[in-house]
Amino acid sequence: MLSIVVVASTGLGAPGCTRDYGRSVDTRISDVLYGPLAARPLSTAHYPRVEFDDDYRVVLRPVATSGAADTPPVAPDTTQIRAPIAIPENAVLKFEFGSLNIGTDTASTSFKVDLVTEDGGVHGIFEDVLEVPPNDNTAWVRAAVDLPRVEGTAQLIFETRATNPRTRAFFAEPVITVPATKQARPNVVLISLDTLRADHLGIYGYGRDTSPALDRCFTSEGAVVEHAYSAGADTILGHTAMLTGMNPTAALVGDPRFIQTDALVTLAESLRARGYRTAAMTENATLMPRQGFPRGFDAYCETKGGPHADPAGGEIEQTFERGLAWLRTRPHGPFFLFLHTYEVHFPYDPPQSYQSLFPTRVGAPKIERQRDDYDREIRYTDDRTAALIAEIDRLSPPRDTILIITSDHGEEFGDHGRHGHGSQLHEEIVGVPMLIRAKGRLPEGVRRQGPMALIDVMPTLLELLGIEVPDSTMGRSVLAHLRDGTALNAVPIFHEAHTPWAVTSEFRRDEDWLPPTFAVTEYPLRMIRIRTEKSYRYEMFNLELDPAESSNLYNVAYPNEAARLQSLLDGYFASAETYQADLVKNARTRANEKSYTLENEPDPERLEKLKALGYVNP
């Protein structure tokens with residue numbers, strides 16, 4: 001692929017402050033163009049996005065008079081996008097640009113940026129040309145341009161022109177940066193290791209040496225939450241809770257499920273609005289862009305395919321390297337990087353060099369052999385995560401970066417007669433690790449009892465950063481508990497399971513089970529409501545006295561607590577729907593009943609992967 005890159009500078013900028021704190025984001029052009037269209041402040045749900053090479057970016061599109069985004073510009077018509085802005089001193093315009101050629105001939109695309117002042121003066125500040133082969137696209141190309149200081153409001157005009165009518169050209173996520181006048185907020189790295197149950201890590205007392213690197217790091221440098229819980233039994237449910245601070249049924253709409261458009265504010269949107277540069281690296285399957293997960297992220301990249309993994313397996317090395325590549329070339333200012341890998345999800349396929357670990361006993365049943373492979377894959381993931389943390393620490397000093405490692409849910413190997421995840425809500429599924437390192441902000445080498453839920457990650461992190469928590473959030477901040485062990489008030493933590501079928505430990509379908517299953521944990525008590533063909537059945541456990549959940553106390557003990565928890569479960573779905581309806585009503589009232597939708601039909605390749613992961617009926 002041939003590309004010609006020319007970055008032009010007016011030379012009219014001047015060095016700024018006497019003390020160098022780097023640069024910070026002053027204005028996001030996309031917010032100028034699309035922010036007023038949002039039904040809720042900070043929402044980026046309806047911002048236009050384009051994918052090049054599995055890399056999604058917020059792009060500029062002409063805005064129709066109706067207030068909705070037009071279709072992508074198509075050459076040869078010249079496309080002009082105008083943004084009225086005030087230009088501060090020592091401003092630098094940073095952006096990316098790229099071109100997609102869906103024709104059969106090589107196409108030439110030109111990009112131009114002009115600045116027009118109130119008196120009609122025109123400054124040509126950027127010009128470039130990309131040559132794109134047939135049926136191909138450029139990678140996103142970076143540019144940075146000094147802006148002249150002008151009085152009043154100016155217009156930035158972004159213009160594209162192509163020689164081929166089947167070529168599309170885009171400017172991606174332009175921002176205006178200025179010299180920072182104070183120390184930036186700390187960076188944030190959030191790592192989600194899919195399907196990792198807490199009790200299979202050494203730091204949580206597991207007998208096998210599955211996680212020596214994580215054990216060392218967080219035993220000495222971090223805070224370990226003893227009891228941390230997911231909101232759901234699959235990838236979408238757990239990550240919805242993690243990234244929105246909301247229970248899944250309250251946050252998700254449609255089938256397939258996607259994050260409500262405009263009605264809530266995500267963690268990435270909250271950080272982005274405070275000047276963070278944001279990026280997410282995930283793997284091709286359930287955290288689909290068209291389901292709303294890119295909200296608030298400048299860049300949202302999916303790793304697709306790899307050298308050794310099954311189509312349903314994880315791609316941890318490629319995903320982590322992609323995250324590090326973004327960090328190595330990141331813009332100045334604080335960043336939020338979210339990394340999600342399908343290690344250690346089924347099919348439990350550790351590399352050959354790890355397959356001699358934790359020998360399986362002769363004659364062991366299939367589910368035991370799979371458990372051993374799962375442990376081997378945890379060890380492989382631990383090594384890869386250790387290398388990742390070491391490189392993150394090299395690129396960004398640990399005192400400047402908050403690191404959180406957790407998971408969306410766990411996995412069962414016959415603990416309660418099931419295999420895998422998605423249908424039941426016992427500890428092996430909802431109990432997830434919660435490892436937090438925030439040097440100089442949280443104590444090091446401490447253990448906290450909890451309980452903490454995935455919906456608490458967002459409010460806790462935002463309070464730690466001194467950022468207001470959006471009112472859509474349903475979780476609570478546990479920052480005081482992390483800092484000094486302040487006891488937490490007992491609150492109900494809800495869990496959901498919606499997978500269409502349940503698989504027994506003998507790898508048969510459980511016919512006496514229907515979705516959904518709901519559970520509530522009010523530590524130390526947990527109640528589970530299971531739907532069957534005839535009605536519902538309930539299970540209740542005391543996790544402190546019976547951590548294996550082997551003795552069902554329903555109708556046996558704690559009658560008052562049982563009645564109260566059962567009432568919470570029986571009313572959970574209705575209360576979540578009411579919460580969602582109120583959010584939508586308030587958002588639409590603000591937007592005069594305007595609403596925006598997301599494409600929500602998965603493509604055929606994705607459906608095959610979802611089937612392989614066990615999330616869709618084969």
# chains A, B, ... in the order shown; residues from 1 in each chain; ligands from 1
>>> residues_around(residues="His332 (chain A)", least_positions_apart="6", cutoff="7 Å", atoms="only C-alpha atoms", output="count of residues only")
3
>>> residues_around(residues="Asp512 (chain A)", least_positions_apart="4", cutoff="9 Å", atoms="only C-alpha atoms", output="NGL selection string")
:A and (531-534)
>>> write_last_selection(atoms="N, CA and C atoms", output="compact mmCIF listing (two decimals), in the first residue's frame")
# COMPACT_ATOMS: atom_id res chain seq x y z
N ARG A 531 -35.62 -20.63 36.91
CA ARG A 531 -36.87 -20.84 36.18
C ARG A 531 -36.90 -22.24 35.61
N THR A 532 -37.99 -22.94 35.77
CA THR A 532 -38.16 -24.28 35.23
C THR A 532 -39.44 -24.32 34.38
N GLU A 533 -39.73 -25.48 33.81
CA GLU A 533 -40.93 -25.62 33.00
C GLU A 533 -42.19 -25.33 33.80
N LYS A 534 -42.18 -25.70 35.08
CA LYS A 534 -43.39 -25.60 35.89
C LYS A 534 -43.49 -24.26 36.63
>>> residues_around(residues="region 33-48 of chain A", least_positions_apart="5", cutoff="6 Å", atoms="only C-alpha atoms", output="mmCIF file with N, CA and C atoms, in the first residue's frame")
data_model
loop_
_atom_site.group_PDB
_atom_site.id
_atom_site.type_symbol
_atom_site.label_atom_id
_atom_site.label_comp_id
_atom_site.auth_asym_id
_atom_site.auth_seq_id
_atom_site.Cartn_x
_atom_site.Cartn_y
_atom_site.Cartn_z
ATOM 1 N N VAL A 58 -13.986 7.430 15.676
ATOM 2 C CA VAL A 58 -14.992 8.469 15.498
ATOM 3 C C VAL A 58 -14.540 9.347 14.337
ATOM 4 N N VAL A 59 -15.424 9.592 13.370
ATOM 5 C CA VAL A 59 -15.054 10.356 12.179
ATOM 6 C C VAL A 59 -15.969 11.569 12.019
ATOM 7 N N THR A 261 -28.906 3.525 23.755
ATOM 8 C CA THR A 261 -28.414 4.695 23.059
ATOM 9 C C THR A 261 -28.770 5.958 23.832
ATOM 10 N N ASP A 262 -27.758 6.748 24.151
ATOM 11 C CA ASP A 262 -27.902 8.077 24.743
ATOM 12 C C ASP A 262 -28.415 8.114 26.183
ATOM 13 N N VAL A 265 -24.459 7.067 30.606
ATOM 14 C CA VAL A 265 -23.096 7.537 30.369
ATOM 15 C C VAL A 265 -22.126 6.432 30.753
ATOM 16 N N ARG A 295 -18.612 3.248 22.698
ATOM 17 C CA ARG A 295 -19.000 4.567 23.195
ATOM 18 C C ARG A 295 -17.916 5.168 24.081
ATOM 19 N N GLY A 296 -17.516 6.381 23.757
ATOM 20 C CA GLY A 296 -16.522 7.090 24.544
ATOM 21 C C GLY A 296 -15.086 6.789 24.181
ATOM 22 N N ALA A 587 -33.917 11.194 28.993
ATOM 23 C CA ALA A 587 -33.036 11.530 27.878
ATOM 24 C C ALA A 587 -33.831 12.064 26.696
ATOM 25 N N ARG A 588 -34.957 11.443 26.391
ATOM 26 C CA ARG A 588 -35.735 11.866 25.234
ATOM 27 C C ARG A 588 -36.438 13.197 25.489
ATOM 28 N N ARG A 590 -35.160 15.612 27.147
ATOM 29 C CA ARG A 590 -34.125 16.606 26.892
ATOM 30 C C ARG A 590 -33.913 16.803 25.397
ATOM 31 N N ALA A 591 -34.030 15.747 24.630
ATOM 32 C CA ALA A 591 -33.764 15.820 23.188
ATOM 33 C C ALA A 591 -35.034 16.018 22.370
#
>>> residues_around(residues="Glu428 (chain A)", least_positions_apart="2", cutoff="9 Å", atoms="only C-alpha atoms", output="JSON, numbers by chain")
{"A": [197, 198, 199, 409, 410, 411, 412, 413, 415, 425, 426, 430, 431, 432, 548]}
>>> residues_around(residues="Leu337 (chain A)", least_positions_apart="5", cutoff="10 Å", atoms="only C-alpha atoms", output="list in words")
Asn187, Val188, Val189, Leu190, Ile191, Ala268, Tyr276, Arg277, Thr278, Ala279, Ala280, Met281, Phe297, Ala299, Gly323, Leu324, Trp326, Leu327 and Leu403 of chain A
>>> atom_distance(atom1="CA of Leu115 (chain A)", atom2="CA of Asn90 (chain A)")
15.1 Å
>>> residues_around(residues="region 370-382 of chain A", least_positions_apart="6", cutoff="9 Å", atoms="only C-alpha atoms", output="PyMOL selection string")
chain A and resi 193+196+200-201+208-214+316+343-351+354-360+412-413
>>> select_by_dssp(residues="region 285-493 of chain A", states="alpha helix (DSSP H)", output="PyMOL selection string")
chain A and resi 316-328+366-395+427-430+457-465+479-484
>>> closest_residue(among="A:Thr460, A:Gln566, A:Asn164, A:Asn560", to="Arg526 (chain A)", atoms="only C-alpha atoms")
A:Gln566
>>> closest_residue(among="A:Leu252, A:Gly450, A:Ile367, A:Thr329", to="Gly238 (chain A)", atoms="only C-alpha atoms")
A:Leu252
>>> select_by_dssp(residues="region 283-490 of chain A", states="strand (DSSP E)", output="JSON, numbers by chain")
{"A": [283, 299, 300, 301, 302, 303, 335, 336, 337, 338, 339, 340, 341, 401, 402, 403, 404, 405, 406, 412, 413, 419, 420, 434, 435, 436, 437, 446, 447, 448, 452, 453]}
